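*Asks:* Okay, here's the structure, questions in a sec.
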Amino acid sequence: PKNVFFGHVTTTLVGLFFLHLVPLPIFLIIPLAVGAGVGLMILFNVTHPPAGGNPIIVIIGSVSFDYLFSPVMIGSVIIIIFAILINRFLLNKNYPTKK
């Protein structure tokens, strides 16, 4: 669950940073933002591969900082809740497991 939430938050923040603060053409901002986002996920040990696409969506969509709260944070929490419910009640698995 921490990888889902913090992976999406990290890459969205990176996308917002590059969109609003890096004055480069879009064809340079997108790969730099994706690379930085993936690098930070690895650095913070919150790697979630689907989150790697967030900077692309943020930059192409020219979203505002509100995008971080809704849909990113709210959507991540919904995904985690459904994952817990499905695993515990339908699949009879102990999720999330503690390491």
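Just remember, in the structure tokens the first chain shown is A, the second B, etc., residues are 1-based per chain, and ligands are 1-based in the order shown.
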Got a sec: who's within 12 Å of A:Phe18, counting only C-alpha atoms, leaving out chain neighbours fewer than 3 positions off, as an mmCIF file with all heavy atoms, in the first residue's frame?
*Replies:*
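Output saved as around.cif:
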data_model
loop_
_atom_site.group_PDB
_atom_site.id
_atom_site.type_symbol
_atom_site.label_atom_id
_atom_site.label_comp_id
_atom_site.auth_asym_id
_atom_site.auth_seq_id
_atom_site.Cartn_x
_atom_site.Cartn_y
_atom_site.Cartn_z
ATOM 1 N N THR A 11 5.625 10.829 -8.036
ATOM 2 C CA THR A 11 5.744 11.113 -9.466
ATOM 3 C C THR A 11 4.840 12.270 -9.891
ATOM 4 O O THR A 11 5.185 13.013 -10.810
ATOM 5 C CB THR A 11 5.443 9.869 -10.317
ATOM 6 O OG1 THR A 11 4.144 9.357 -9.969
ATOM 7 C CG2 THR A 11 6.496 8.792 -10.106
ATOM 8 N N THR A 12 3.710 12.435 -9.226
ATOM 9 C CA THR A 12 2.853 13.575 -9.538
ATOM 10 C C THR A 12 3.517 14.878 -9.111
ATOM 11 O O THR A 12 3.481 15.878 -9.845
ATOM 12 C CB THR A 12 1.479 13.421 -8.862
ATOM 13 O OG1 THR A 12 0.869 12.213 -9.324
ATOM 14 C CG2 THR A 12 0.572 14.594 -9.201
ATOM 15 N N LEU A 13 4.139 14.886 -7.946
ATOM 16 C CA LEU A 13 4.872 16.077 -7.497
ATOM 17 C C LEU A 13 6.008 16.418 -8.458
ATOM 18 O O LEU A 13 6.231 17.593 -8.770
ATOM 19 C CB LEU A 13 5.421 15.871 -6.086
ATOM 20 C CG LEU A 13 4.426 16.030 -4.948
ATOM 21 C CD1 LEU A 13 5.055 15.590 -3.631
ATOM 22 C CD2 LEU A 13 3.954 17.459 -4.864
ATOM 23 N N VAL A 14 6.700 15.405 -8.931
ATOM 24 C CA VAL A 14 7.782 15.634 -9.896
ATOM 25 C C VAL A 14 7.210 16.233 -11.182
ATOM 26 O O VAL A 14 7.759 17.187 -11.733
ATOM 27 C CB VAL A 14 8.559 14.328 -10.182
ATOM 28 C CG1 VAL A 14 9.470 14.493 -11.383
ATOM 29 C CG2 VAL A 14 9.346 13.908 -8.961
ATOM 30 N N GLY A 15 6.104 15.669 -11.656
ATOM 31 C CA GLY A 15 5.474 16.205 -12.861
ATOM 32 C C GLY A 15 5.046 17.657 -12.691
ATOM 33 O O GLY A 15 5.255 18.480 -13.579
ATOM 34 N N LEU A 21 7.950 24.735 -13.110
ATOM 35 C CA LEU A 21 9.201 25.400 -12.747
ATOM 36 C C LEU A 21 10.381 25.169 -13.688
ATOM 37 O O LEU A 21 11.411 25.812 -13.517
ATOM 38 C CB LEU A 21 9.605 24.983 -11.320
ATOM 39 C CG LEU A 21 8.602 25.338 -10.222
ATOM 40 C CD1 LEU A 21 9.035 24.765 -8.896
ATOM 41 C CD2 LEU A 21 8.423 26.837 -10.127
ATOM 42 N N VAL A 22 10.259 24.278 -14.644
ATOM 43 C CA VAL A 22 11.372 24.004 -15.557
ATOM 44 C C VAL A 22 11.030 24.563 -16.936
ATOM 45 O O VAL A 22 10.145 24.046 -17.621
ATOM 46 C CB VAL A 22 11.676 22.485 -15.630
ATOM 47 C CG1 VAL A 22 12.787 22.209 -16.622
ATOM 48 C CG2 VAL A 22 12.034 21.945 -14.253
ATOM 49 N N PRO A 23 11.728 25.607 -17.355
ATOM 50 C CA PRO A 23 11.406 26.266 -18.636
ATOM 51 C C PRO A 23 12.094 25.610 -19.834
ATOM 52 O O PRO A 23 12.989 26.186 -20.443
ATOM 53 C CB PRO A 23 11.906 27.693 -18.413
ATOM 54 C CG PRO A 23 13.076 27.534 -17.491
ATOM 55 C CD PRO A 23 12.729 26.364 -16.599
ATOM 56 N N LEU A 24 11.676 24.402 -20.137
ATOM 57 C CA LEU A 24 12.214 23.687 -21.297
ATOM 58 C C LEU A 24 11.056 23.280 -22.201
ATOM 59 O O LEU A 24 9.903 23.252 -21.765
ATOM 60 C CB LEU A 24 12.975 22.435 -20.845
ATOM 61 C CG LEU A 24 14.285 22.643 -20.088
ATOM 62 C CD1 LEU A 24 14.801 21.306 -19.560
ATOM 63 C CD2 LEU A 24 15.317 23.301 -20.978
ATOM 64 N N PRO A 25 11.343 22.918 -23.446
ATOM 65 C CA PRO A 25 10.275 22.427 -24.331
ATOM 66 C C PRO A 25 9.685 21.116 -23.795
ATOM 67 O O PRO A 25 10.353 20.346 -23.107
ATOM 68 C CB PRO A 25 10.978 22.192 -25.664
ATOM 69 C CG PRO A 25 12.300 22.838 -25.566
ATOM 70 C CD PRO A 25 12.625 23.015 -24.128
ATOM 71 N N ILE A 26 8.434 20.875 -24.164
ATOM 72 C CA ILE A 26 7.712 19.709 -23.655
ATOM 73 C C ILE A 26 8.407 18.396 -24.013
ATOM 74 O O ILE A 26 8.378 17.438 -23.242
ATOM 75 C CB ILE A 26 6.247 19.730 -24.130
ATOM 76 C CG1 ILE A 26 5.426 18.709 -23.342
ATOM 77 C CG2 ILE A 26 6.148 19.485 -25.610
ATOM 78 C CD1 ILE A 26 3.932 18.860 -23.528
ATOM 79 N N PHE A 27 9.041 18.340 -25.185
ATOM 80 C CA PHE A 27 9.698 17.091 -25.587
ATOM 81 C C PHE A 27 10.929 16.790 -24.729
ATOM 82 O O PHE A 27 11.446 15.671 -24.750
ATOM 83 C CB PHE A 27 10.039 17.080 -27.084
ATOM 84 C CG PHE A 27 11.101 18.060 -27.495
ATOM 85 C CD1 PHE A 27 12.441 17.705 -27.481
ATOM 86 C CD2 PHE A 27 10.757 19.337 -27.910
ATOM 87 C CE1 PHE A 27 13.417 18.606 -27.869
ATOM 88 C CE2 PHE A 27 11.717 20.242 -28.305
ATOM 89 C CZ PHE A 27 13.062 19.875 -28.279
ATOM 90 N N LEU A 28 11.413 17.744 -23.970
ATOM 91 C CA LEU A 28 12.500 17.503 -23.016
ATOM 92 C C LEU A 28 11.981 17.335 -21.591
ATOM 93 O O LEU A 28 12.530 16.562 -20.812
ATOM 94 C CB LEU A 28 13.506 18.655 -23.052
ATOM 95 C CG LEU A 28 14.340 18.799 -24.320
ATOM 96 C CD1 LEU A 28 15.206 20.043 -24.241
ATOM 97 C CD2 LEU A 28 15.189 17.562 -24.537
ATOM 98 N N ILE A 29 10.931 18.077 -21.270
ATOM 99 C CA ILE A 29 10.393 18.006 -19.907
ATOM 100 C C ILE A 29 9.839 16.624 -19.598
ATOM 101 O O ILE A 29 10.068 16.090 -18.508
ATOM 102 C CB ILE A 29 9.302 19.084 -19.710
ATOM 103 C CG1 ILE A 29 9.932 20.461 -19.678
ATOM 104 C CG2 ILE A 29 8.533 18.851 -18.424
ATOM 105 C CD1 ILE A 29 8.918 21.575 -19.564
ATOM 106 N N ILE A 30 9.111 16.034 -20.532
ATOM 107 C CA ILE A 30 8.462 14.748 -20.256
ATOM 108 C C ILE A 30 9.475 13.660 -19.908
ATOM 109 O O ILE A 30 9.364 13.027 -18.856
ATOM 110 C CB ILE A 30 7.531 14.328 -21.416
ATOM 111 C CG1 ILE A 30 6.314 15.260 -21.442
ATOM 112 C CG2 ILE A 30 7.081 12.875 -21.263
ATOM 113 C CD1 ILE A 30 5.371 15.029 -22.599
ATOM 114 N N PRO A 31 10.487 13.382 -20.732
ATOM 115 C CA PRO A 31 11.417 12.310 -20.355
ATOM 116 C C PRO A 31 12.227 12.634 -19.095
ATOM 117 O O PRO A 31 12.529 11.735 -18.301
ATOM 118 C CB PRO A 31 12.319 12.136 -21.567
ATOM 119 C CG PRO A 31 12.155 13.362 -22.377
ATOM 120 C CD PRO A 31 10.795 13.899 -22.073
ATOM 121 N N LEU A 32 12.574 13.904 -18.899
ATOM 122 C CA LEU A 32 13.300 14.270 -17.685
ATOM 123 C C LEU A 32 12.440 14.053 -16.444
ATOM 124 O O LEU A 32 12.913 13.560 -15.414
ATOM 125 C CB LEU A 32 13.769 15.725 -17.758
ATOM 126 C CG LEU A 32 14.871 16.030 -18.758
ATOM 127 C CD1 LEU A 32 15.099 17.535 -18.868
ATOM 128 C CD2 LEU A 32 16.154 15.307 -18.369
ATOM 129 N N ALA A 33 11.157 14.411 -16.528
ATOM 130 C CA ALA A 33 10.252 14.249 -15.391
ATOM 131 C C ALA A 33 10.009 12.774 -15.090
ATOM 132 O O ALA A 33 10.011 12.368 -13.915
ATOM 133 C CB ALA A 33 8.934 14.959 -15.660
ATOM 134 N N VAL A 34 9.812 11.961 -16.113
ATOM 135 C CA VAL A 34 9.606 10.524 -15.894
ATOM 136 C C VAL A 34 10.854 9.909 -15.267
ATOM 137 O O VAL A 34 10.770 9.147 -14.301
ATOM 138 C CB VAL A 34 9.225 9.803 -17.207
ATOM 139 C CG1 VAL A 34 9.234 8.294 -17.028
ATOM 140 C CG2 VAL A 34 7.858 10.266 -17.688
ATOM 141 N N GLY A 35 12.011 10.245 -15.796
ATOM 142 C CA GLY A 35 13.262 9.722 -15.240
ATOM 143 C C GLY A 35 13.476 10.144 -13.801
ATOM 144 O O GLY A 35 13.857 9.345 -12.949
ATOM 145 N N ALA A 36 13.215 11.419 -13.508
ATOM 146 C CA ALA A 36 13.371 11.909 -12.135
ATOM 147 C C ALA A 36 12.362 11.244 -11.201
ATOM 148 O O ALA A 36 12.694 10.879 -10.064
ATOM 149 C CB ALA A 36 13.216 13.423 -12.098
ATOM 150 N N GLY A 37 11.132 11.070 -11.671
ATOM 151 C CA GLY A 37 10.102 10.432 -10.853
ATOM 152 C C GLY A 37 10.441 8.989 -10.530
ATOM 153 O O GLY A 37 10.336 8.549 -9.379
ATOM 154 N N ASN A 54 2.502 9.086 -14.404
ATOM 155 C CA ASN A 54 1.904 10.311 -13.861
ATOM 156 C C ASN A 54 2.526 11.600 -14.390
ATOM 157 O O ASN A 54 1.785 12.531 -14.714
ATOM 158 C CB ASN A 54 1.942 10.301 -12.337
ATOM 159 C CG ASN A 54 0.924 9.355 -11.748
ATOM 160 O OD1 ASN A 54 0.104 8.795 -12.444
ATOM 161 N ND2 ASN A 54 0.990 9.165 -10.452
ATOM 162 N N PRO A 55 3.859 11.715 -14.472
ATOM 163 C CA PRO A 55 4.404 12.973 -15.005
ATOM 164 C C PRO A 55 3.945 13.270 -16.433
ATOM 165 O O PRO A 55 3.733 14.434 -16.779
ATOM 166 C CB PRO A 55 5.921 12.760 -14.957
ATOM 167 C CG PRO A 55 6.131 11.731 -13.915
ATOM 168 C CD PRO A 55 4.929 10.845 -13.991
ATOM 169 N N ILE A 56 3.762 12.244 -17.228
ATOM 170 C CA ILE A 56 3.294 12.446 -18.607
ATOM 171 C C ILE A 56 1.890 13.042 -18.594
ATOM 172 O O ILE A 56 1.606 14.016 -19.294
ATOM 173 C CB ILE A 56 3.306 11.117 -19.396
ATOM 174 C CG1 ILE A 56 4.723 10.553 -19.460
ATOM 175 C CG2 ILE A 56 2.720 11.312 -20.793
ATOM 176 C CD1 ILE A 56 4.803 9.139 -19.985
ATOM 177 N N VAL A 58 0.415 14.655 -16.126
ATOM 178 C CA VAL A 58 0.467 15.990 -15.520
ATOM 179 C C VAL A 58 0.935 17.033 -16.530
ATOM 180 O O VAL A 58 0.341 18.103 -16.658
ATOM 181 C CB VAL A 58 1.389 15.987 -14.277
ATOM 182 C CG1 VAL A 58 1.702 17.390 -13.810
ATOM 183 C CG2 VAL A 58 0.762 15.173 -13.154
ATOM 184 N N ILE A 59 1.976 16.715 -17.261
ATOM 185 C CA ILE A 59 2.553 17.687 -18.193
ATOM 186 C C ILE A 59 1.677 17.887 -19.420
ATOM 187 O O ILE A 59 1.400 19.018 -19.820
ATOM 188 C CB ILE A 59 3.991 17.276 -18.573
ATOM 189 C CG1 ILE A 59 4.890 17.375 -17.334
ATOM 190 C CG2 ILE A 59 4.524 18.128 -19.708
ATOM 191 C CD1 ILE A 59 6.230 16.707 -17.473
ATOM 192 N N ILE A 60 1.224 16.810 -20.028
ATOM 193 C CA ILE A 60 0.377 16.948 -21.219
ATOM 194 C C ILE A 60 -0.952 17.609 -20.869
ATOM 195 O O ILE A 60 -1.475 18.415 -21.623
ATOM 196 C CB ILE A 60 0.172 15.578 -21.901
ATOM 197 C CG1 ILE A 60 1.480 15.127 -22.535
ATOM 198 C CG2 ILE A 60 -0.936 15.654 -22.947
ATOM 199 C CD1 ILE A 60 1.425 13.771 -23.179
ATOM 200 N N SER A 62 -1.431 19.726 -18.441
ATOM 201 C CA SER A 62 -1.198 21.032 -17.811
ATOM 202 C C SER A 62 -2.081 21.227 -16.578
ATOM 203 O O SER A 62 -2.808 22.213 -16.452
ATOM 204 C CB SER A 62 -1.445 22.171 -18.804
ATOM 205 O OG SER A 62 -0.522 22.106 -19.847
ATOM 206 N N VAL A 63 -2.011 20.270 -15.676
ATOM 207 C CA VAL A 63 -2.886 20.278 -14.505
ATOM 208 C C VAL A 63 -2.383 21.242 -13.442
ATOM 209 O O VAL A 63 -1.230 21.662 -13.453
ATOM 210 C CB VAL A 63 -3.034 18.857 -13.909
ATOM 211 C CG1 VAL A 63 -3.610 17.910 -14.938
ATOM 212 C CG2 VAL A 63 -1.724 18.342 -13.381
#
*Asks:* As number ranges by chain, list the residues of chain A assigned to helix (DSSP H, G or I) by DSSP on the backbone atoms of this structure.
*Replies:* A: 2-21, 26-43, 49-61, 66-90
*Asks:* Need to verify the contact set: A:Val77, 10 Å, only C-alpha atoms, exclusion of same-chain residues closer than 5 positions in sequence. Can you return it as a list in words?
*Replies:*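 Within the cut-off, the hits are Pro1, Val4, Phe5, Pro71, Val72, Phe82 and Ala83 of chain A.
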*Asks:* Just give me the gap between atom CA of A:Gly61 and atom CA of A:Gly75 in Å, one decimal is fine.
*Replies:* 17.4 Å
*Asks:* I'd like the interatomic distance between atom CA of A:Asn3 and atom CA of A:Asn45, to a tenth of an Å.
*Replies:* 7.7 Å
*Asks:* For A:Leu19, which of A:Ile81, A:Ala51, A:Met41, A:Phe65 is the closest residue, counting only C-alpha atoms?
*Replies:*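 Between A:Ile81, A:Ala51, A:Met41, A:Phe65, the residue approaching A:Leu19 most closely is A:Phe65.
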*Asks:* Distance atom CA of A:Ile79-atom CA of A:Lys2, one decimal place?
*Replies:*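 Atom CA of A:Ile79 sits 11.5 Å away from atom CA of A:Lys2.
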